[in-house]
file query03.cif (mmCIF, C-alpha atoms and all ligand atoms)
data_coords
#
loop_
_atom_site.label_atom_id
_atom_site.label_comp_id
_atom_site.auth_asym_id
_atom_site.auth_seq_id
_atom_site.Cartn_x
_atom_site.Cartn_y
_atom_site.Cartn_z
CA MET A 1155 0.00 0.00 0.00
CA SER A 1156 1.50 3.35 -0.95
CA PRO A 1157 0.38 6.29 1.23
CA ASP A 1158 -1.19 9.34 -0.38
CA PRO A 1159 1.52 12.05 -0.24
CA THR A 1160 -1.10 14.83 -0.25
CA ARG A 1161 -2.70 13.61 2.95
CA ASP A 1162 -2.03 15.68 6.05
CA PRO A 1163 -2.22 13.36 9.06
CA THR A 1164 -2.24 16.36 11.43
CA ALA A 1165 -5.36 17.95 9.88
CA PRO A 1166 -8.05 18.56 12.53
CA GLU A 1167 -10.97 16.17 12.90
CA ASP A 1168 -14.29 17.80 12.11
CA ARG A 1169 -16.82 15.04 12.71
CA PRO A 1170 -18.14 13.82 16.00
CA THR A 1171 -16.95 10.25 16.05
CA PHE A 1172 -16.62 8.19 19.16
CA VAL A 1173 -14.15 5.56 17.99
CA THR A 1174 -11.84 4.52 20.83
CA HIS A 1175 -9.93 1.60 19.34
CA LEU A 1176 -10.06 -1.56 17.23
CA GLU A 1177 -10.41 -4.97 18.81
CA CYS A 1178 -9.64 -8.50 17.60
CA GLY A 1179 -12.99 -10.31 17.23
CA LEU A 1180 -11.45 -13.51 18.61
CA THR A 1181 -8.89 -12.57 21.27
CA GLY A 1182 -10.14 -9.11 22.28
CA GLU A 1183 -6.63 -7.67 21.79
CA ALA A 1184 -6.86 -3.88 21.36
CA TYR A 1185 -5.30 -1.94 18.47
CA GLU A 1186 -4.94 1.77 17.92
CA ALA A 1187 -7.66 3.30 15.72
CA ASP A 1188 -7.04 5.61 12.74
CA THR A 1189 -4.18 3.58 11.32
CA LEU A 1190 -4.47 1.33 8.31
CA ARG A 1191 -5.08 -2.27 9.36
CA GLY A 1192 -6.09 -5.61 7.93
CA LEU A 1193 -6.61 -8.67 10.12
CA SER A 1194 -5.50 -8.90 13.75
CA ARG A 1195 -2.29 -10.64 14.78
CA ALA A 1196 -4.40 -13.77 15.32
CA GLY A 1197 -5.49 -13.56 11.66
CA LYS A 1198 -9.08 -12.66 12.61
CA PRO A 1199 -11.36 -9.66 11.86
CA LEU A 1200 -10.89 -6.39 13.73
CA LEU A 1201 -13.99 -4.71 15.14
CA VAL A 1202 -14.35 -0.95 15.67
CA ARG A 1203 -15.15 0.02 19.27
CA TYR A 1204 -16.79 3.27 20.38
CA ASP A 1205 -17.27 5.26 23.57
CA LEU A 1206 -20.97 4.42 23.62
CA ALA A 1207 -21.71 6.25 26.87
CA ALA A 1208 -20.39 9.51 25.37
CA LEU A 1209 -22.21 8.77 22.11
CA GLY A 1210 -25.47 8.28 24.01
CA ARG A 1211 -24.99 11.66 25.72
CA SER A 1212 -24.26 13.53 22.48
CA LEU A 1213 -27.17 12.35 20.32
CA ASP A 1214 -30.81 11.65 21.00
CA LYS A 1215 -33.54 10.02 18.94
CA GLU A 1216 -35.32 13.34 18.31
CA ALA A 1217 -32.22 14.99 16.84
CA LEU A 1218 -31.63 11.88 14.75
CA ALA A 1219 -35.21 11.94 13.45
CA ARG A 1220 -34.62 15.40 11.92
CA ARG A 1221 -31.72 14.25 9.74
CA PRO A 1222 -32.03 13.19 6.07
CA ALA A 1223 -33.16 9.59 5.48
CA GLU A 1224 -29.75 8.20 4.56
CA LEU A 1225 -26.92 6.16 5.98
CA TRP A 1226 -24.84 9.15 7.12
CA ARG A 1227 -27.56 10.17 9.59
CA TYR A 1228 -25.90 7.63 11.94
CA ARG A 1229 -22.54 9.39 11.73
CA GLU A 1230 -21.85 9.23 15.48
CA PHE A 1231 -21.97 5.43 15.21
CA LEU A 1232 -19.56 5.49 12.26
CA PRO A 1233 -15.78 5.81 12.02
CA VAL A 1234 -15.17 8.59 9.43
CA ARG A 1235 -13.67 11.64 11.12
CA ARG A 1236 -13.36 14.18 8.33
CA SER A 1237 -16.40 15.11 6.20
CA GLU A 1238 -14.20 15.73 3.17
CA ASN A 1239 -13.37 12.01 3.15
CA ILE A 1240 -16.97 10.85 2.85
CA VAL A 1241 -17.41 9.14 -0.49
CA SER A 1242 -21.12 9.01 -1.24
CA LEU A 1243 -23.45 8.20 -4.11
CA GLY A 1244 -26.66 8.84 -2.14
CA GLU A 1245 -27.04 5.95 0.32
CA ILE A 1246 -30.75 6.31 1.00
CA SER A 1247 -32.64 4.53 3.78
CA THR A 1248 -34.23 1.46 2.22
CA PRO A 1249 -37.93 0.67 2.58
CA LEU A 1250 -39.53 -2.10 4.59
CA ILE A 1251 -42.13 -3.75 2.39
CA ARG A 1252 -44.86 -5.88 3.90
CA LEU A 1253 -45.70 -9.12 2.12
CA SER A 1254 -49.31 -9.24 3.26
CA ARG A 1255 -50.35 -11.91 0.77
CA LEU A 1256 -47.51 -14.25 1.67
CA GLU A 1257 -47.50 -13.75 5.44
CA PRO A 1258 -49.41 -16.16 7.70
CA ALA A 1259 -52.59 -14.99 9.43
CA GLY A 1260 -51.75 -12.95 12.52
CA GLY A 1261 -48.11 -12.58 11.53
CA MET A 1262 -46.08 -9.88 9.85
CA LEU A 1263 -43.58 -10.52 7.10
CA LEU A 1264 -41.40 -7.59 6.05
CA VAL A 1265 -38.73 -7.33 3.37
CA LYS A 1266 -35.98 -4.76 3.74
CA ASP A 1267 -35.30 -3.98 0.11
CA GLU A 1268 -31.63 -3.18 -0.21
CA GLY A 1269 -31.81 -3.26 -3.99
CA ARG A 1270 -32.64 0.47 -3.93
CA LEU A 1271 -29.12 1.47 -2.86
CA PRO A 1272 -26.43 2.82 -5.23
CA THR A 1273 -25.09 0.00 -7.46
CA GLY A 1274 -28.24 -1.94 -6.62
CA SER A 1275 -27.16 -3.83 -3.53
CA PHE A 1276 -26.44 -3.65 0.19
CA LYS A 1277 -22.76 -3.83 -0.68
CA ALA A 1278 -22.97 -0.05 -1.12
CA ARG A 1279 -23.28 0.31 2.67
CA GLY A 1280 -20.06 -1.56 3.38
CA LEU A 1281 -18.10 -0.16 0.49
CA CYS A 1282 -18.99 3.51 0.94
CA MET A 1283 -17.66 3.21 4.49
CA ALA A 1284 -14.55 1.16 3.66
CA VAL A 1285 -13.62 3.41 0.74
CA SER A 1286 -14.22 6.57 2.81
CA MET A 1287 -11.92 5.18 5.51
CA ALA A 1288 -9.37 4.07 2.91
CA LYS A 1289 -9.36 7.63 1.61
CA GLU A 1290 -9.03 9.00 5.13
CA LEU A 1291 -6.08 6.69 5.79
CA GLY A 1292 -4.30 7.51 2.54
CA VAL A 1293 -4.90 4.37 0.46
CA THR A 1294 -4.37 4.76 -3.28
CA ARG A 1295 -4.86 1.19 -4.60
CA ILE A 1296 -7.43 -1.37 -3.54
CA ALA A 1297 -8.00 -4.99 -4.54
CA MET A 1298 -10.88 -7.30 -3.73
CA PRO A 1299 -12.36 -10.71 -4.53
CA THR A 1300 -16.10 -10.61 -5.11
CA ALA A 1301 -19.18 -12.61 -6.06
CA GLY A 1302 -20.14 -9.55 -8.14
CA ASN A 1303 -22.08 -7.01 -6.13
CA ALA A 1304 -19.28 -6.02 -3.76
CA GLY A 1305 -17.03 -5.45 -6.77
CA ALA A 1306 -19.65 -3.23 -8.41
CA ALA A 1307 -19.88 -1.13 -5.25
CA LEU A 1308 -16.10 -0.99 -4.85
CA ALA A 1309 -15.65 0.09 -8.47
CA ALA A 1310 -18.16 2.92 -8.08
CA TYR A 1311 -16.91 4.29 -4.76
CA ALA A 1312 -13.21 3.85 -5.53
CA THR A 1313 -13.61 5.69 -8.83
CA ARG A 1314 -15.46 8.45 -7.04
CA ALA A 1315 -12.69 8.66 -4.45
CA GLY A 1316 -9.94 8.70 -7.10
CA ILE A 1317 -8.59 5.36 -5.83
CA GLU A 1318 -7.45 2.66 -8.24
CA SER A 1319 -9.31 -0.65 -7.90
CA TYR A 1320 -8.65 -4.24 -8.97
CA VAL A 1321 -11.48 -6.75 -8.79
CA PHE A 1322 -11.38 -10.55 -9.17
CA CYS A 1323 -14.56 -12.57 -9.57
CA PRO A 1324 -15.51 -16.16 -10.38
CA ASP A 1325 -15.91 -16.45 -14.16
CA ASP A 1326 -19.60 -17.37 -13.84
CA ALA A 1327 -20.52 -14.26 -11.81
CA PRO A 1328 -23.69 -12.56 -13.15
CA GLU A 1329 -22.81 -10.82 -16.44
CA PRO A 1330 -24.41 -7.43 -15.70
CA THR A 1331 -22.33 -7.07 -12.53
CA ILE A 1332 -19.05 -7.85 -14.30
CA SER A 1333 -19.84 -5.25 -16.97
CA GLU A 1334 -20.88 -2.78 -14.27
CA ILE A 1335 -17.57 -3.25 -12.44
CA ALA A 1336 -15.57 -2.58 -15.60
CA TYR A 1337 -17.75 0.33 -16.74
CA GLN A 1338 -17.45 2.02 -13.35
CA GLY A 1339 -13.69 2.13 -13.66
CA ALA A 1340 -12.20 -0.94 -11.97
CA LYS A 1341 -9.83 -3.41 -13.55
CA VAL A 1342 -11.87 -6.60 -13.41
CA TYR A 1343 -10.73 -10.17 -14.09
CA ARG A 1344 -12.77 -13.36 -14.41
CA VAL A 1345 -11.07 -16.18 -12.53
CA ASN A 1346 -11.66 -19.87 -13.18
CA GLY A 1347 -12.43 -20.63 -9.54
CA LEU A 1348 -14.52 -19.59 -6.55
CA ILE A 1349 -14.39 -16.43 -4.42
CA ASN A 1350 -11.76 -17.92 -2.09
CA ASP A 1351 -9.55 -18.63 -5.12
CA CYS A 1352 -9.98 -14.96 -6.10
CA GLY A 1353 -9.08 -14.02 -2.52
CA LYS A 1354 -5.81 -15.96 -2.82
CA ILE A 1355 -4.88 -13.93 -5.90
CA VAL A 1356 -5.43 -10.72 -3.93
CA GLY A 1357 -3.48 -12.02 -0.93
CA GLU A 1358 -0.54 -13.19 -3.01
CA GLY A 1359 -0.43 -10.09 -5.22
CA LYS A 1360 -0.79 -7.35 -2.63
CA ALA A 1361 2.88 -6.94 -1.72
CA ALA A 1362 3.97 -6.68 -5.36
CA MET A 1363 1.06 -4.48 -6.43
CA GLY A 1364 0.82 -2.22 -3.36
CA TRP A 1365 -2.84 -3.15 -2.92
CA PHE A 1366 -4.87 -2.59 0.21
CA ASP A 1367 -6.90 -5.78 0.64
CA LEU A 1368 -10.60 -4.95 0.94
CA SER A 1369 -11.81 -8.57 1.16
CA THR A 1370 -14.84 -9.22 3.36
CA LEU A 1371 -13.87 -8.72 7.03
CA LYS A 1372 -10.17 -8.44 6.22
CA GLU A 1373 -10.34 -4.75 7.08
CA PRO A 1374 -12.47 -3.28 9.88
CA TYR A 1375 -14.79 -0.83 8.12
CA ARG A 1376 -17.08 -2.67 5.71
CA ILE A 1377 -18.81 -4.12 8.73
CA GLU A 1378 -19.41 -0.60 10.10
CA GLY A 1379 -21.26 0.31 6.91
CA LYS A 1380 -23.28 -2.89 6.94
CA LYS A 1381 -24.09 -2.22 10.60
CA THR A 1382 -26.33 0.61 9.46
CA MET A 1383 -28.87 -2.02 8.29
CA GLY A 1384 -29.44 -2.79 11.97
CA LEU A 1385 -29.53 0.86 13.06
CA GLU A 1386 -31.95 1.72 10.27
CA LEU A 1387 -34.18 -1.28 10.90
CA ALA A 1388 -34.44 -0.44 14.61
CA GLU A 1389 -35.33 3.17 13.87
CA GLN A 1390 -37.87 2.23 11.17
CA LEU A 1391 -39.62 -0.11 13.59
CA GLY A 1392 -39.90 2.58 16.27
CA TRP A 1393 -36.90 1.16 18.22
CA GLN A 1394 -38.72 -2.17 18.68
CA LEU A 1395 -36.72 -4.97 17.09
CA PRO A 1396 -38.53 -7.76 15.20
CA ASP A 1397 -38.78 -11.33 16.50
CA VAL A 1398 -36.61 -12.85 13.82
CA ILE A 1399 -34.28 -11.72 10.99
CA PHE A 1400 -33.41 -13.90 7.99
CA TYR A 1401 -30.08 -12.93 6.41
CA PRO A 1402 -28.52 -14.47 3.27
CA THR A 1403 -25.07 -15.42 4.51
CA GLY A 1404 -21.91 -15.53 2.46
CA GLY A 1405 -19.12 -13.77 4.33
CA GLY A 1406 -21.70 -12.76 6.92
CA THR A 1407 -20.69 -9.10 7.25
CA GLY A 1408 -24.28 -7.89 7.48
CA LEU A 1409 -25.35 -10.43 10.06
CA ILE A 1410 -22.32 -9.70 12.24
CA GLY A 1411 -22.80 -5.97 11.63
CA MET A 1412 -26.47 -5.96 12.61
CA TRP A 1413 -25.76 -7.93 15.76
CA LYS A 1414 -23.07 -5.35 16.60
CA ALA A 1415 -25.53 -2.52 15.88
CA PHE A 1416 -28.08 -3.98 18.31
CA ALA A 1417 -25.41 -4.32 21.02
CA GLU A 1418 -24.37 -0.68 20.47
CA LEU A 1419 -27.96 0.54 20.55
CA GLY A 1420 -28.50 -1.45 23.73
CA ALA A 1421 -25.42 0.13 25.33
CA THR A 1422 -26.62 3.64 24.48
CA GLY A 1423 -29.99 2.77 26.06
CA TRP A 1424 -31.91 3.37 22.83
CA ILE A 1425 -33.42 -0.11 22.75
CA GLY A 1426 -34.50 -2.50 25.50
CA ALA A 1427 -33.26 -6.03 26.14
CA LYS A 1428 -35.27 -7.70 23.37
CA ARG A 1429 -33.18 -8.92 20.44
CA PRO A 1430 -34.30 -10.69 17.27
CA ARG A 1431 -33.29 -14.28 16.60
CA MET A 1432 -30.69 -14.04 13.85
CA VAL A 1433 -31.04 -16.67 11.13
CA ALA A 1434 -28.12 -17.35 8.78
CA VAL A 1435 -29.54 -18.52 5.45
CA GLN A 1436 -27.33 -20.55 3.11
CA ALA A 1437 -27.84 -22.80 0.09
CA THR A 1438 -27.76 -26.61 0.36
CA GLY A 1439 -24.90 -26.60 -2.19
CA CYS A 1440 -22.74 -24.37 0.06
CA ALA A 1441 -23.67 -24.45 3.73
CA PRO A 1442 -20.52 -24.38 5.90
CA ILE A 1443 -22.14 -22.21 8.57
CA VAL A 1444 -25.23 -24.43 8.79
CA LYS A 1445 -23.03 -27.52 9.20
CA ALA A 1446 -20.91 -25.90 11.93
CA PHE A 1447 -24.03 -24.64 13.68
CA GLU A 1448 -25.61 -28.07 13.69
CA GLU A 1449 -22.40 -29.73 14.88
CA GLY A 1450 -21.97 -27.21 17.71
CA LYS A 1451 -18.62 -26.01 16.34
CA GLU A 1452 -17.03 -22.58 16.87
CA PHE A 1453 -15.41 -22.48 13.41
CA ALA A 1454 -16.68 -23.80 10.06
CA GLU A 1455 -14.83 -26.24 7.85
CA PRO A 1456 -14.27 -25.29 4.19
CA TRP A 1457 -17.20 -26.51 2.05
CA PRO A 1458 -16.04 -28.76 -0.78
CA ASP A 1459 -17.44 -28.39 -4.32
CA ALA A 1460 -19.52 -25.30 -3.49
CA HIS A 1461 -22.39 -24.62 -5.88
CA THR A 1462 -25.62 -22.61 -5.90
CA ILE A 1463 -27.40 -20.20 -8.20
CA ALA A 1464 -27.25 -17.65 -5.37
CA HIS A 1465 -23.69 -16.46 -6.09
CA GLY A 1466 -23.50 -14.15 -3.07
CA MET A 1467 -23.91 -17.13 -0.76
CA ARG A 1468 -21.34 -19.30 -2.56
CA VAL A 1469 -18.61 -18.68 0.01
CA PRO A 1470 -16.94 -21.95 1.02
CA VAL A 1471 -14.70 -20.35 3.69
CA ALA A 1472 -15.54 -17.24 5.72
CA VAL A 1473 -12.88 -15.53 7.87
CA GLY A 1474 -15.65 -14.30 10.20
CA ASP A 1475 -17.26 -17.77 10.60
CA PHE A 1476 -16.98 -17.70 14.41
CA LEU A 1477 -18.54 -14.22 14.56
CA ILE A 1478 -21.53 -15.36 12.47
CA LEU A 1479 -21.96 -18.46 14.62
CA ARG A 1480 -21.58 -16.44 17.81
CA ALA A 1481 -24.27 -13.94 16.75
CA VAL A 1482 -26.66 -16.71 15.67
CA ARG A 1483 -26.20 -18.61 18.96
CA GLU A 1484 -26.26 -15.58 21.27
CA SER A 1485 -29.50 -14.47 19.66
CA GLY A 1486 -31.16 -17.87 20.05
CA GLY A 1487 -31.40 -18.09 16.27
CA PHE A 1488 -30.31 -20.82 13.87
CA ALA A 1489 -28.68 -21.50 10.51
CA ILE A 1490 -30.71 -23.04 7.70
CA ALA A 1491 -30.01 -24.25 4.17
CA VAL A 1492 -32.43 -24.04 1.23
CA SER A 1493 -32.25 -25.70 -2.17
CA ASP A 1494 -31.85 -23.83 -5.46
CA GLU A 1495 -35.31 -25.09 -6.45
CA ALA A 1496 -36.85 -23.56 -3.33
CA ILE A 1497 -35.00 -20.28 -4.06
CA LEU A 1498 -36.38 -20.09 -7.61
CA GLU A 1499 -39.88 -20.95 -6.42
CA ALA A 1500 -39.79 -18.25 -3.75
CA GLN A 1501 -38.46 -15.70 -6.25
CA ALA A 1502 -41.29 -16.45 -8.69
CA GLU A 1503 -43.88 -16.36 -5.95
CA ALA A 1504 -42.80 -12.97 -4.57
CA ALA A 1505 -42.80 -11.51 -8.08
CA ARG A 1506 -46.20 -12.95 -9.08
CA THR A 1507 -48.05 -12.51 -5.81
CA GLU A 1508 -46.56 -9.36 -4.31
CA GLY A 1509 -45.04 -7.57 -7.31
CA LEU A 1510 -41.67 -7.59 -5.59
CA LEU A 1511 -38.62 -8.62 -7.60
CA LEU A 1512 -36.10 -10.37 -5.33
CA CYS A 1513 -32.53 -11.35 -6.12
CA PRO A 1514 -31.79 -15.08 -5.66
CA GLU A 1515 -30.14 -14.46 -2.26
CA GLY A 1516 -33.15 -12.42 -1.11
CA ALA A 1517 -35.46 -15.15 -2.38
CA ALA A 1518 -33.43 -17.63 -0.32
CA THR A 1519 -34.54 -15.79 2.83
CA LEU A 1520 -38.17 -16.17 1.81
CA ALA A 1521 -37.66 -19.88 1.13
CA ALA A 1522 -35.93 -20.23 4.50
CA TYR A 1523 -38.73 -18.38 6.30
CA ARG A 1524 -41.27 -20.78 4.83
CA GLN A 1525 -39.17 -23.80 5.73
CA ALA A 1526 -38.80 -22.50 9.31
CA LEU A 1527 -42.56 -21.87 9.56
CA ALA A 1528 -43.20 -25.43 8.40
CA ASP A 1529 -40.73 -27.00 10.84
CA GLY A 1530 -41.92 -24.81 13.74
CA ARG A 1531 -38.71 -22.83 14.29
CA VAL A 1532 -40.69 -19.67 13.55
CA ALA A 1533 -44.26 -19.21 14.78
CA PRO A 1534 -46.91 -17.79 12.41
CA GLY A 1535 -47.64 -14.85 14.75
CA GLU A 1536 -44.05 -13.60 14.82
CA ARG A 1537 -42.78 -10.46 13.17
CA ALA A 1538 -40.09 -11.50 10.67
CA VAL A 1539 -37.74 -9.40 8.52
CA LEU A 1540 -36.13 -10.77 5.37
CA PHE A 1541 -33.22 -9.09 3.61
CA ASN A 1542 -33.45 -8.64 -0.12
CA CYS A 1543 -29.82 -7.71 -0.57
CA ALA A 1544 -29.77 -6.72 -4.25
CA THR A 1545 -32.06 -5.63 -7.04
CA GLY A 1546 -33.58 -8.55 -8.91
CA LEU A 1547 -32.91 -6.69 -12.15
CA LYS A 1548 -29.29 -7.86 -12.33
CA TYR A 1549 -30.27 -11.54 -12.60
CA PRO A 1550 -31.74 -13.74 -15.31
CA MET A 1551 -35.53 -13.95 -15.51
CA PRO A 1552 -37.66 -16.44 -17.43
CA PRO A 1553 -37.81 -15.52 -21.14
CA VAL A 1554 -40.95 -14.03 -22.70
CA THR A 1555 -42.05 -15.75 -25.91
CA ALA A 1556 -45.47 -14.21 -26.64
CA ARG A 1557 -45.47 -12.09 -29.84
CA LEU A 1558 -48.02 -10.08 -31.74
CA ASP A 1559 -47.96 -9.23 -35.45
CA ARG A 1560 -49.47 -5.75 -35.70
CA HIS A 1561 -50.18 -6.28 -39.40
CA LYS A 1562 -52.61 -9.13 -38.69
CA PRO A 1563 -55.96 -9.07 -36.91
CA ILE A 1564 -55.51 -9.50 -33.15
CA ASP A 1565 -57.67 -11.98 -31.28
CA TYR A 1566 -58.10 -9.87 -28.14
CA ALA A 1567 -60.19 -12.47 -26.36
CA ALA A 1568 -57.29 -14.93 -26.62
CA LEU A 1569 -54.71 -12.62 -24.97
C1 LIG B 1601 -26.77 -10.44 -3.45
C2 LIG B 1601 -25.93 -10.90 -2.29
N1 LIG B 1601 -26.52 -11.45 -1.24
C3 LIG B 1601 -25.82 -11.87 -0.17
C4 LIG B 1601 -24.45 -11.77 -0.12
C5 LIG B 1601 -23.73 -12.24 1.11
O1 LIG B 1601 -23.45 -11.14 1.96
P1 LIG B 1601 -22.51 -11.26 3.22
O2 LIG B 1601 -21.10 -11.34 2.70
O3 LIG B 1601 -22.77 -10.03 4.05
O4 LIG B 1601 -22.88 -12.51 3.96
C6 LIG B 1601 -23.79 -11.21 -1.20
C7 LIG B 1601 -22.32 -11.09 -1.19
O5 LIG B 1601 -21.67 -11.18 -2.21
C8 LIG B 1601 -24.54 -10.76 -2.32
O6 LIG B 1601 -23.95 -10.21 -3.40
#
call {"tool": "encode", "arguments": {"input": "query03.cif", "output": "structure tokens"}}
result
Amino acid sequence: MSPDPTRDPTAPEDRPTFVTHLECGLTGEAYEADTLRGLSRAGKPLLVRYDLAALGRSLDKEALARRPAELWRYREFLPVRRSENIVSLGEISTPLIRLSRLEPAGGMLLVKDEGRLPTGSFKARGLCMAVSMAKELGVTRIAMPTAGNAGAALAAYATRAGIESYVFCPDDAPEPTISEIAYQGAKVYRVNGLINDCGKIVGEGKAAMGWFDLSTLKEPYRIEGKKTMGLELAEQLGWQLPDVIFYPTGGGTGLIGMWKAFAELGATGWIGAKRPRMVAVQATGCAPIVKAFEEGKEFAEPWPDAHTIAHGMRVPVAVGDFLILRAVRESGGFAIAVSDEAILEAQAEAARTEGLLLCPEGAATLAAYRQALADGRVAPGERAVLFNCATGLKYPMPPVTARLDRHKPIDYAAL
């Protein structure tokens, strides 16, 4: 990583941020904040820690309610110190959409539709934060492995920040995302392997190329951006958390981030003791977290021969496995795998019955919700939130074959 020579490390801070230090997610070892860092000495993710008592004294819910409906409204809970370093493309608050036709009687089924964010996925939350912090800490070159959406968000924010970006994705990643990555200014390469193979290329090339490695959870700030899903959800629900949250889990940043958000909100006294059960949703063709959960293990074993149509969940090895499993267990939740057939069925059903286009990973949460209702792990009367993590528009849809010849008489009754 080559530092930005124009950066003045002595420039005054102008944003109220309450960051105290970074902490190893496994050992608890503390590290100084505001310096560029990857994994901890134990090779595990670093978590950002805040002075939550001071934060709670400096901001109240009423002041928060007057701010624009966007991610940066939570700035006291976020790490960026200087406003000039914020790299933004308009990270709006995403809507909660009720699926009243699909929900059971007496229950409430809500979808948080993250497909409305810049670059069409929740990856914008993590990447706007990580790129802003990279800019603040003087990074000039970033590299990242991706299933597609994270690369699209990196490309957009890095280009906006004037940072060079290199992106490596499995060669079967969804075509529109690969084109989007390239068009938005990153150097993108298709790799004949899975996301962990792409990660190896980044790891092995970073010394020679001067890259800062922005892989999932290998730097501390993507999780802070993803945490805003939890802050936003709590605020949207009047500071009353739902009974259960279904999250499509690849690297698990969002699940870990939301669990962190709820702990931070609890420490500031903004929410009571009630927490949702966190459900990690994976595909039957790649379910390392589900297997570890069921076997009572702290860490997951690499999943051999990983395959699923839900590319974002095709992550055979996750560096934050123990943090996902910890959040799921602490919350009294569970991990569940759904088949590709169930994902496609759920996707079609949400589109046809509710008019809501889900991405395959979002559809997996609907399939998992139904499976959990059927096996009794979720009760019909509970309030459940599903995460649709990307716009359905980036993925293949069934072809349309019906045609009309405008030069011939049209049989309207047969339409
Ligand atoms: C559409 C989609 N859903 C889910 C995920 C998994 O997200 P996470 O890494 O936070 O578990 C990804 C990640 O690539 C994704 O692109």
call {"tool": "closest_residue", "arguments": {"input": "query03.cif", "among": "A:Pro1458, A:Gly1197, A:Pro1324, A:Gly1411", "to": "Glu1183 in chain A", "atoms": "all atoms listed in the file"}}
result
A:Gly1197
call {"tool": "residues_around", "arguments": {"input": "query03.cif", "residues": "Ala1217 in chain A", "least_positions_apart": "6", "cutoff": "12 Å", "atoms": "all atoms listed in the file", "output": "PDB file with C-alpha atoms, in the coordinates of the input"}}
result
ATOM      1  CA  GLY A1210     -25.470   8.280  24.010  1.00  0.00           C
ATOM      2  CA  ARG A1211     -24.990  11.660  25.720  1.00  0.00           C
ATOM      3  CA  ARG A1227     -27.560  10.170   9.590  1.00  0.00           C
ATOM      4  CA  TYR A1228     -25.900   7.630  11.940  1.00  0.00           C
ATOM      5  CA  GLU A1230     -21.850   9.230  15.480  1.00  0.00           C
TER       6      GLU A1230
END
call {"tool": "residues_near_point", "arguments": {"input": "query03.cif", "point": "(-10.6, -12.3, -10.2)", "cutoff": "7 Å", "atoms": "all atoms listed in the file", "output": "short mmCIF file (atom, residue, chain, number, x, y, z; two decimals) with C-alpha atoms, in the frame of the given file"}}
result
data_model
loop_
_atom_site.label_atom_id
_atom_site.label_comp_id
_atom_site.auth_asym_id
_atom_site.auth_seq_id
_atom_site.Cartn_x
_atom_site.Cartn_y
_atom_site.Cartn_z
CA PRO A 1299 -12.36 -10.71 -4.53
CA VAL A 1321 -11.48 -6.75 -8.79
CA PHE A 1322 -11.38 -10.55 -9.17
CA CYS A 1323 -14.56 -12.57 -9.57
CA PRO A 1324 -15.51 -16.16 -10.38
CA VAL A 1342 -11.87 -6.60 -13.41
CA TYR A 1343 -10.73 -10.17 -14.09
CA ARG A 1344 -12.77 -13.36 -14.41
CA VAL A 1345 -11.07 -16.18 -12.53
CA CYS A 1352 -9.98 -14.96 -6.10
#
call {"tool": "residues_around", "arguments": {"input": "query03.cif", "residues": "Ala1219 in chain A", "least_positions_apart": "6", "cutoff": "12 Å", "atoms": "all atoms listed in the file", "output": "list in words"}}
result
Leu1213, Arg1227, Tyr1228, Glu1386, Glu1389, Gln1390, Gly1392 and Trp1393 of chain A
call {"tool": "residues_around", "arguments": {"input": "query03.cif", "residues": "Pro1272 in chain A", "least_positions_apart": "6", "cutoff": "8 Å", "atoms": "only C-alpha atoms", "output": "MDAnalysis selection string"}}
result
chainID A and resid 1243:1245 1278 1307
